[in-house]
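Everything below belongs to final.txt, which stores compact mmCIF, N, CA and C atoms.
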```
# COMPACT_ATOMS: atom_id res chain seq x y z
N MET A 1 16.49 1.95 -17.02
CA MET A 1 15.34 1.11 -17.37
C MET A 1 14.07 1.95 -17.25
N SER A 2 13.19 1.82 -18.22
CA SER A 2 11.91 2.52 -18.14
C SER A 2 11.04 1.87 -17.07
N HIS A 3 9.94 2.52 -16.79
CA HIS A 3 9.02 2.00 -15.78
C HIS A 3 8.28 0.79 -16.34
N PRO A 4 8.48 -0.39 -15.75
CA PRO A 4 7.77 -1.58 -16.24
C PRO A 4 6.28 -1.48 -15.93
N GLU A 5 5.49 -2.16 -16.76
CA GLU A 5 4.04 -2.17 -16.58
C GLU A 5 3.52 -3.60 -16.58
N LEU A 6 2.50 -3.81 -15.78
CA LEU A 6 1.74 -5.06 -15.78
C LEU A 6 0.35 -4.70 -16.27
N THR A 7 -0.11 -5.37 -17.32
CA THR A 7 -1.45 -5.12 -17.85
C THR A 7 -2.24 -6.41 -17.87
N ILE A 8 -3.44 -6.34 -17.33
CA ILE A 8 -4.38 -7.46 -17.39
C ILE A 8 -5.55 -6.97 -18.22
N ARG A 9 -5.84 -7.67 -19.31
CA ARG A 9 -6.91 -7.25 -20.22
C ARG A 9 -8.07 -8.23 -20.20
N GLY A 10 -9.25 -7.67 -20.25
CA GLY A 10 -10.43 -8.49 -20.48
C GLY A 10 -10.90 -9.31 -19.30
N VAL A 11 -10.82 -8.77 -18.08
CA VAL A 11 -11.47 -9.45 -16.95
C VAL A 11 -12.96 -9.32 -17.22
N LEU A 12 -13.60 -10.43 -17.51
CA LEU A 12 -15.01 -10.42 -17.92
C LEU A 12 -15.90 -10.88 -16.77
N LEU A 13 -16.79 -9.98 -16.34
CA LEU A 13 -17.67 -10.29 -15.22
C LEU A 13 -19.10 -9.87 -15.54
N PRO A 14 -20.08 -10.64 -15.06
CA PRO A 14 -21.48 -10.21 -15.22
C PRO A 14 -21.81 -9.21 -14.11
N ILE A 15 -22.22 -8.01 -14.50
CA ILE A 15 -22.47 -6.94 -13.53
C ILE A 15 -23.82 -6.30 -13.83
N ARG A 16 -24.54 -6.01 -12.77
CA ARG A 16 -25.82 -5.30 -12.91
C ARG A 16 -25.50 -3.81 -13.05
N ILE A 17 -25.66 -3.31 -14.28
CA ILE A 17 -25.30 -1.92 -14.55
C ILE A 17 -26.25 -1.34 -15.58
N GLY A 18 -26.58 -0.08 -15.42
CA GLY A 18 -27.43 0.61 -16.39
C GLY A 18 -28.16 1.76 -15.74
N CYS A 19 -28.62 2.67 -16.56
CA CYS A 19 -29.30 3.87 -16.06
C CYS A 19 -30.69 3.57 -15.51
N SER A 20 -31.34 2.56 -16.05
CA SER A 20 -32.70 2.23 -15.58
C SER A 20 -32.71 0.93 -14.80
N ALA A 21 -33.73 0.77 -13.97
CA ALA A 21 -33.89 -0.47 -13.22
C ALA A 21 -34.06 -1.65 -14.17
N GLU A 22 -34.74 -1.43 -15.27
CA GLU A 22 -34.93 -2.50 -16.25
C GLU A 22 -33.58 -2.95 -16.83
N GLU A 23 -32.72 -2.00 -17.14
CA GLU A 23 -31.40 -2.34 -17.69
C GLU A 23 -30.54 -3.07 -16.66
N ARG A 24 -30.71 -2.74 -15.40
CA ARG A 24 -29.92 -3.38 -14.32
C ARG A 24 -30.50 -4.73 -13.88
N ARG A 25 -31.70 -5.05 -14.34
CA ARG A 25 -32.37 -6.28 -13.89
C ARG A 25 -31.52 -7.52 -14.12
N ASP A 26 -30.92 -7.64 -15.30
CA ASP A 26 -30.10 -8.79 -15.62
C ASP A 26 -28.64 -8.36 -15.73
N PRO A 27 -27.73 -9.14 -15.18
CA PRO A 27 -26.30 -8.79 -15.30
C PRO A 27 -25.88 -8.72 -16.76
N GLN A 28 -24.99 -7.79 -17.04
CA GLN A 28 -24.45 -7.59 -18.38
C GLN A 28 -22.96 -7.90 -18.38
N PRO A 29 -22.42 -8.35 -19.50
CA PRO A 29 -20.98 -8.60 -19.56
C PRO A 29 -20.22 -7.27 -19.56
N ILE A 30 -19.31 -7.15 -18.61
CA ILE A 30 -18.46 -5.97 -18.50
C ILE A 30 -17.01 -6.45 -18.52
N GLU A 31 -16.20 -5.82 -19.34
CA GLU A 31 -14.76 -6.12 -19.39
C GLU A 31 -14.00 -5.05 -18.62
N ILE A 32 -13.00 -5.50 -17.88
CA ILE A 32 -12.18 -4.59 -17.09
C ILE A 32 -10.72 -4.83 -17.43
N ASP A 33 -10.01 -3.76 -17.72
CA ASP A 33 -8.57 -3.81 -17.95
C ASP A 33 -7.89 -3.08 -16.80
N VAL A 34 -6.77 -3.63 -16.37
CA VAL A 34 -6.00 -3.05 -15.27
C VAL A 34 -4.55 -2.90 -15.74
N THR A 35 -3.98 -1.72 -15.54
CA THR A 35 -2.57 -1.51 -15.81
C THR A 35 -1.90 -0.93 -14.57
N VAL A 36 -0.82 -1.56 -14.16
CA VAL A 36 0.00 -1.08 -13.04
C VAL A 36 1.33 -0.66 -13.64
N ARG A 37 1.70 0.59 -13.44
CA ARG A 37 3.00 1.09 -13.89
C ARG A 37 3.87 1.22 -12.65
N PHE A 38 4.89 0.39 -12.58
CA PHE A 38 5.73 0.33 -11.39
C PHE A 38 6.70 1.50 -11.34
N GLU A 39 6.74 2.19 -10.22
CA GLU A 39 7.70 3.27 -10.03
C GLU A 39 9.12 2.71 -10.00
N THR A 40 9.26 1.59 -9.32
CA THR A 40 10.52 0.86 -9.32
C THR A 40 10.20 -0.57 -9.75
N PRO A 41 11.10 -1.22 -10.46
CA PRO A 41 10.80 -2.57 -10.94
C PRO A 41 10.46 -3.51 -9.78
N PRO A 42 9.43 -4.34 -9.95
CA PRO A 42 9.08 -5.28 -8.89
C PRO A 42 10.21 -6.30 -8.70
N GLN A 43 10.46 -6.67 -7.46
CA GLN A 43 11.50 -7.64 -7.14
C GLN A 43 11.28 -8.97 -7.83
N GLY A 44 10.03 -9.27 -8.16
CA GLY A 44 9.72 -10.53 -8.86
C GLY A 44 10.46 -10.68 -10.17
N MET A 45 10.88 -9.56 -10.76
CA MET A 45 11.66 -9.65 -12.00
C MET A 45 12.98 -10.39 -11.76
N ILE A 46 13.47 -10.32 -10.53
CA ILE A 46 14.75 -10.96 -10.18
C ILE A 46 14.53 -12.27 -9.45
N THR A 47 13.60 -12.25 -8.48
CA THR A 47 13.43 -13.42 -7.60
C THR A 47 12.57 -14.52 -8.19
N ASP A 48 11.68 -14.17 -9.16
CA ASP A 48 10.73 -15.12 -9.73
C ASP A 48 9.77 -15.65 -8.67
N ARG A 49 9.45 -14.81 -7.69
CA ARG A 49 8.53 -15.18 -6.60
C ARG A 49 7.29 -14.31 -6.66
N LEU A 50 6.13 -14.95 -6.57
CA LEU A 50 4.85 -14.25 -6.65
C LEU A 50 4.73 -13.18 -5.58
N GLU A 51 5.20 -13.46 -4.39
CA GLU A 51 5.05 -12.48 -3.30
C GLU A 51 5.89 -11.22 -3.52
N ASP A 52 6.74 -11.23 -4.54
CA ASP A 52 7.57 -10.06 -4.84
C ASP A 52 7.03 -9.21 -5.98
N THR A 53 5.75 -9.38 -6.30
CA THR A 53 5.12 -8.56 -7.34
C THR A 53 3.64 -8.43 -7.03
N VAL A 54 2.87 -7.87 -7.94
CA VAL A 54 1.42 -7.75 -7.80
C VAL A 54 0.79 -8.99 -8.41
N SER A 55 -0.02 -9.68 -7.65
CA SER A 55 -0.66 -10.92 -8.08
C SER A 55 -1.88 -10.64 -8.96
N PHE A 56 -1.93 -11.31 -10.13
CA PHE A 56 -3.12 -11.21 -10.99
C PHE A 56 -4.36 -11.59 -10.20
N ASP A 57 -4.24 -12.71 -9.47
CA ASP A 57 -5.38 -13.23 -8.73
C ASP A 57 -5.87 -12.23 -7.68
N ALA A 58 -4.96 -11.58 -6.99
CA ALA A 58 -5.35 -10.59 -5.98
C ALA A 58 -6.12 -9.44 -6.62
N LEU A 59 -5.67 -9.02 -7.79
CA LEU A 59 -6.38 -7.94 -8.50
C LEU A 59 -7.78 -8.38 -8.90
N VAL A 60 -7.89 -9.56 -9.50
CA VAL A 60 -9.20 -10.05 -9.97
C VAL A 60 -10.14 -10.30 -8.78
N GLN A 61 -9.63 -10.90 -7.72
CA GLN A 61 -10.49 -11.16 -6.56
C GLN A 61 -11.00 -9.86 -5.94
N THR A 62 -10.16 -8.84 -5.92
CA THR A 62 -10.59 -7.54 -5.39
C THR A 62 -11.68 -6.93 -6.26
N ILE A 63 -11.52 -7.03 -7.57
CA ILE A 63 -12.57 -6.53 -8.47
C ILE A 63 -13.88 -7.27 -8.22
N LYS A 64 -13.81 -8.59 -8.07
CA LYS A 64 -15.01 -9.38 -7.82
C LYS A 64 -15.68 -8.97 -6.52
N GLU A 65 -14.90 -8.66 -5.51
CA GLU A 65 -15.46 -8.20 -4.23
C GLU A 65 -16.20 -6.87 -4.40
N VAL A 66 -15.66 -6.00 -5.23
CA VAL A 66 -16.29 -4.70 -5.46
C VAL A 66 -17.66 -4.86 -6.10
N VAL A 67 -17.80 -5.77 -7.06
CA VAL A 67 -19.04 -5.86 -7.84
C VAL A 67 -20.05 -6.86 -7.27
N LEU A 68 -19.62 -7.71 -6.36
CA LEU A 68 -20.49 -8.75 -5.81
C LEU A 68 -21.72 -8.14 -5.15
N ASN A 69 -22.89 -8.59 -5.56
CA ASN A 69 -24.17 -8.18 -4.97
C ASN A 69 -24.41 -6.68 -4.98
N ARG A 70 -23.90 -6.00 -6.02
CA ARG A 70 -24.11 -4.56 -6.13
C ARG A 70 -24.66 -4.23 -7.51
N GLU A 71 -25.26 -3.06 -7.58
CA GLU A 71 -25.74 -2.51 -8.85
C GLU A 71 -25.07 -1.16 -9.06
N PHE A 72 -24.86 -0.83 -10.32
CA PHE A 72 -24.25 0.44 -10.69
C PHE A 72 -25.07 1.07 -11.80
N SER A 73 -25.19 2.38 -11.78
CA SER A 73 -25.86 3.07 -12.87
C SER A 73 -24.89 3.42 -13.99
N LEU A 74 -23.67 3.82 -13.62
CA LEU A 74 -22.72 4.35 -14.59
C LEU A 74 -21.40 3.59 -14.60
N ILE A 75 -20.81 3.43 -15.78
CA ILE A 75 -19.48 2.81 -15.86
C ILE A 75 -18.44 3.72 -15.21
N GLU A 76 -18.68 5.01 -15.19
CA GLU A 76 -17.76 5.94 -14.53
C GLU A 76 -17.66 5.63 -13.04
N HIS A 77 -18.80 5.42 -12.41
CA HIS A 77 -18.80 5.10 -10.98
C HIS A 77 -18.18 3.74 -10.72
N LEU A 78 -18.52 2.77 -11.55
CA LEU A 78 -17.94 1.43 -11.41
C LEU A 78 -16.42 1.49 -11.52
N ALA A 79 -15.91 2.22 -12.51
CA ALA A 79 -14.46 2.34 -12.68
C ALA A 79 -13.81 2.96 -11.45
N ASN A 80 -14.43 3.99 -10.91
CA ASN A 80 -13.87 4.64 -9.72
C ASN A 80 -13.88 3.72 -8.51
N GLU A 81 -14.93 2.96 -8.33
CA GLU A 81 -15.01 2.01 -7.21
C GLU A 81 -13.90 0.95 -7.33
N ILE A 82 -13.68 0.45 -8.53
CA ILE A 82 -12.63 -0.54 -8.75
C ILE A 82 -11.26 0.09 -8.52
N PHE A 83 -11.06 1.28 -9.06
CA PHE A 83 -9.79 1.99 -8.88
C PHE A 83 -9.47 2.17 -7.40
N THR A 84 -10.44 2.63 -6.64
CA THR A 84 -10.25 2.86 -5.20
C THR A 84 -9.88 1.57 -4.48
N ALA A 85 -10.57 0.49 -4.79
CA ALA A 85 -10.30 -0.80 -4.14
C ALA A 85 -8.93 -1.34 -4.53
N LEU A 86 -8.57 -1.24 -5.80
CA LEU A 86 -7.28 -1.78 -6.25
C LEU A 86 -6.10 -0.96 -5.77
N ARG A 87 -6.33 0.29 -5.44
CA ARG A 87 -5.26 1.12 -4.92
C ARG A 87 -4.64 0.47 -3.67
N SER A 88 -5.45 -0.16 -2.83
CA SER A 88 -4.92 -0.81 -1.62
C SER A 88 -4.10 -2.05 -1.96
N VAL A 89 -4.40 -2.71 -3.07
CA VAL A 89 -3.64 -3.89 -3.49
C VAL A 89 -2.31 -3.47 -4.11
N VAL A 90 -2.35 -2.45 -4.94
CA VAL A 90 -1.18 -2.01 -5.69
C VAL A 90 -0.24 -1.16 -4.83
N GLY A 91 -0.81 -0.42 -3.91
CA GLY A 91 -0.01 0.47 -3.08
C GLY A 91 0.10 1.85 -3.70
N PRO A 92 0.52 2.83 -2.90
CA PRO A 92 0.54 4.22 -3.36
C PRO A 92 1.72 4.58 -4.26
N ASP A 93 2.73 3.73 -4.34
CA ASP A 93 3.95 4.08 -5.06
C ASP A 93 3.89 3.79 -6.56
N HIS A 94 2.86 3.13 -7.01
CA HIS A 94 2.77 2.73 -8.42
C HIS A 94 1.55 3.38 -9.06
N GLU A 95 1.66 3.69 -10.34
CA GLU A 95 0.52 4.25 -11.06
C GLU A 95 -0.46 3.13 -11.38
N LEU A 96 -1.73 3.49 -11.41
CA LEU A 96 -2.79 2.52 -11.65
C LEU A 96 -3.76 3.11 -12.65
N ARG A 97 -4.18 2.29 -13.62
CA ARG A 97 -5.16 2.72 -14.61
C ARG A 97 -6.19 1.60 -14.78
N ILE A 98 -7.46 1.97 -14.75
CA ILE A 98 -8.57 1.02 -14.87
C ILE A 98 -9.44 1.45 -16.06
N THR A 99 -9.77 0.50 -16.91
CA THR A 99 -10.74 0.74 -17.98
C THR A 99 -11.89 -0.23 -17.79
N VAL A 100 -13.10 0.32 -17.78
CA VAL A 100 -14.32 -0.48 -17.69
C VAL A 100 -15.03 -0.35 -19.03
N ARG A 101 -15.35 -1.50 -19.62
CA ARG A 101 -15.96 -1.54 -20.95
C ARG A 101 -17.32 -2.24 -20.88
N LYS A 102 -18.35 -1.50 -21.24
CA LYS A 102 -19.68 -2.09 -21.37
C LYS A 102 -19.73 -2.70 -22.77
N VAL A 103 -19.75 -4.01 -22.83
CA VAL A 103 -19.60 -4.73 -24.09
C VAL A 103 -20.75 -4.47 -25.05
N SER A 104 -21.96 -4.45 -24.52
CA SER A 104 -23.15 -4.29 -25.38
C SER A 104 -24.10 -3.25 -24.80
N PRO A 105 -23.77 -1.98 -24.91
CA PRO A 105 -24.72 -0.98 -24.41
C PRO A 105 -26.03 -1.04 -25.19
N PRO A 106 -27.13 -0.62 -24.57
CA PRO A 106 -28.45 -0.76 -25.21
C PRO A 106 -28.74 0.31 -26.26
N ILE A 107 -27.74 0.68 -27.02
CA ILE A 107 -27.89 1.66 -28.09
C ILE A 107 -27.41 0.96 -29.36
N PRO A 108 -28.30 0.63 -30.27
CA PRO A 108 -27.95 -0.20 -31.43
C PRO A 108 -26.79 0.35 -32.27
N GLU A 109 -26.64 1.66 -32.29
CA GLU A 109 -25.59 2.26 -33.12
C GLU A 109 -24.19 2.05 -32.54
N ILE A 110 -24.11 1.70 -31.26
CA ILE A 110 -22.81 1.44 -30.64
C ILE A 110 -22.51 -0.04 -30.82
N THR A 111 -21.58 -0.36 -31.69
CA THR A 111 -21.33 -1.75 -32.06
C THR A 111 -20.09 -2.35 -31.39
N LYS A 112 -19.25 -1.53 -30.80
CA LYS A 112 -18.02 -2.06 -30.20
C LYS A 112 -17.87 -1.65 -28.74
N GLY A 113 -18.98 -1.43 -28.08
CA GLY A 113 -18.95 -1.14 -26.66
C GLY A 113 -18.68 0.32 -26.33
N ALA A 114 -18.73 0.59 -25.04
CA ALA A 114 -18.44 1.91 -24.51
C ALA A 114 -17.54 1.71 -23.31
N GLU A 115 -16.52 2.57 -23.18
CA GLU A 115 -15.58 2.38 -22.07
C GLU A 115 -15.23 3.69 -21.41
N PHE A 116 -14.82 3.55 -20.16
CA PHE A 116 -14.38 4.69 -19.37
C PHE A 116 -13.09 4.30 -18.67
N THR A 117 -12.11 5.20 -18.68
CA THR A 117 -10.82 4.93 -18.07
C THR A 117 -10.55 5.96 -16.97
N VAL A 118 -10.06 5.48 -15.85
CA VAL A 118 -9.66 6.34 -14.74
C VAL A 118 -8.28 5.87 -14.28
N GLY A 119 -7.47 6.81 -13.85
CA GLY A 119 -6.15 6.41 -13.37
C GLY A 119 -5.31 7.58 -12.95
N ASP A 120 -4.11 7.24 -12.54
CA ASP A 120 -3.14 8.26 -12.11
C ASP A 120 -2.56 8.95 -13.33
```

Once more with this new file: its structure as structure tokens, please.
Amino acid sequence: MSHPELTIRGVLLPIRIGCSAEERRDPQPIEIDVTVRFETPPQGMITDRLEDTVSFDALVQTIKEVVLNREFSLIEHLANEIFTALRSVVGPDHELRITVRKVSPPIPEITKGAEFTVGD
């Protein structure tokens, strides 16, 4: 069996992010994607029990804790902060990949957002 993956796409949160104080003044919509590649299949595949896999809610709540009451200048830094926090939820035995997408960067020519991905 290949390595199974869990992917959560489009966690949408308002985050204060931008290079200038003016850009950070109002929260902007940021999308976050999370992929966990399991080294060994999660037991939840057999048991059908939430405690035997990685919980969507635990991942999202951890992301919310990272961004709550904080400001970020760069999506690169935000992605790394989320990656570091989620590593404790996922554990060291599984690969983790985080993509942070700035939905509407303040550059008119960018029409489909800007994203940064970090992972194992």

Within 8 Å of (-16.7, 3.2, -16.0) (coordinates as in the file), grab all the protein and nucleic acid residues, counting only C-alpha atoms, and write them out as a compact mmCIF listing (two decimals) with N, CA and C atoms, in the coordinates of the input.
```
# COMPACT_ATOMS: atom_id res chain seq x y z
N LEU A 74 -23.67 3.82 -13.62
CA LEU A 74 -22.72 4.35 -14.59
C LEU A 74 -21.40 3.59 -14.60
N ILE A 75 -20.81 3.43 -15.78
CA ILE A 75 -19.48 2.81 -15.86
C ILE A 75 -18.44 3.72 -15.21
N GLU A 76 -18.68 5.01 -15.19
CA GLU A 76 -17.76 5.94 -14.53
C GLU A 76 -17.66 5.63 -13.04
N HIS A 77 -18.80 5.42 -12.41
CA HIS A 77 -18.80 5.10 -10.98
C HIS A 77 -18.18 3.74 -10.72
N LEU A 78 -18.52 2.77 -11.55
CA LEU A 78 -17.94 1.43 -11.41
C LEU A 78 -16.42 1.49 -11.52
N ALA A 79 -15.91 2.22 -12.51
CA ALA A 79 -14.46 2.34 -12.68
C ALA A 79 -13.81 2.96 -11.45
N ASN A 80 -14.43 3.99 -10.91
CA ASN A 80 -13.87 4.64 -9.72
C ASN A 80 -13.88 3.72 -8.51
N THR A 99 -9.77 0.50 -16.91
CA THR A 99 -10.74 0.74 -17.98
C THR A 99 -11.89 -0.23 -17.79
N VAL A 100 -13.10 0.32 -17.78
CA VAL A 100 -14.32 -0.48 -17.69
C VAL A 100 -15.03 -0.35 -19.03
N ARG A 101 -15.35 -1.50 -19.62
CA ARG A 101 -15.96 -1.54 -20.95
C ARG A 101 -17.32 -2.24 -20.88
N GLU A 115 -16.52 2.57 -23.18
CA GLU A 115 -15.58 2.38 -22.07
C GLU A 115 -15.23 3.69 -21.41
N PHE A 116 -14.82 3.55 -20.16
CA PHE A 116 -14.38 4.69 -19.37
C PHE A 116 -13.09 4.30 -18.67
N THR A 117 -12.11 5.20 -18.68
CA THR A 117 -10.82 4.93 -18.07
C THR A 117 -10.55 5.96 -16.97
N VAL A 118 -10.06 5.48 -15.85
CA VAL A 118 -9.66 6.34 -14.74
C VAL A 118 -8.28 5.87 -14.28
```

* **Surrounding residues of region 61-65 of chain A excluding itself and chain neighbours under 2 positions, 8 Å, only N, CA and C atoms, as an MDAnalysis selection string** => chainID A and resid 13 55:59 67:70 81:83 85:86

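Here the question is which of A:Ser73, A:Ile32, A:Ile46, A:Thr7 gets nearest to Ser20 (chain A) using all atoms listed in the file, and that residue is A:Ser73.
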
* To do: From chain A, collect each residue whose DSSP state is strand (DSSP E or B) and return the set as a PyMOL selection string.
  => chain A and resi 5-17+28-37+71-72+95-102+114-119

* Structure fact -> Counting only C-alpha atoms, closest pick from A:Glu31, A:Pro42, A:Ile15, A:Arg24 relative to Lys112 (chain A) is A:Glu31

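Using all atoms listed in the file, the smallest distance between any of A:Val54, A:Gly113, A:Leu6, A:Val90 and Val36 (chain A) comes from A:Leu6.
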
* List every residue of region 26-118 of chain A that DSSP, applied to the backbone, labels as alpha helix (DSSP H), and write the result as a VMD selection string. => chain A and resid 44 to 47 56 to 67 75 to 90

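For the set A:Gly119, A:Arg25, A:Val66, A:Gly10, the residue with the smallest atom-to-atom gap to Ile98 (chain A) is A:Gly119, counting all atoms listed in the file.
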
* Neighbours of Asp26 (chain A) within 9 Å (only C-alpha atoms; same-chain residues fewer than 4 positions away dropped), as a VMD selection string? -> chain A and resid 14 to 17 22

* Determine, counting only N, CA and C atoms, which protein, DNA and RNA residues have an atom within 6.5 Å of an atom of Gln43 (chain A); residues of the same chain fewer than 6 positions away are not included. Present the result as an MDAnalysis selection string. => chainID A and resid 49 52:53

* Separation of CA of Ser2 (chain A) from atom C of Pro92 (chain A), in Å and rounded to one decimal -> 17.3 Å

* **One-decimal distance in Å that lies between atom C of Gln28 (chain A) and CA of Val89 (chain A)** => 24.7 Å

* To do: To one decimal in Å, tell me the separation between atom C of Val34 (chain A) and CA of Leu96 (chain A).
  => 7.0 Å

As lines of an AutoDock Vina configuration file, please report the centre and edge lengths, rounded to one decimal in Å, of the axis-aligned box that holds all listed atoms of region 76-84 of chain A with 8 Å of padding on each of the six sides.
```
center_x = -14.1
center_y = 2.7
center_z = -9.8
size_x = 25.3
size_y = 22.5
size_z = 26.7
```

* Asked: Which residues come within 7 Å of Glu5 (chain A), counting only N, CA and C atoms, excluding same-chain residues fewer than 5 positions away, as number ranges by chain?
  -> A: 35-38
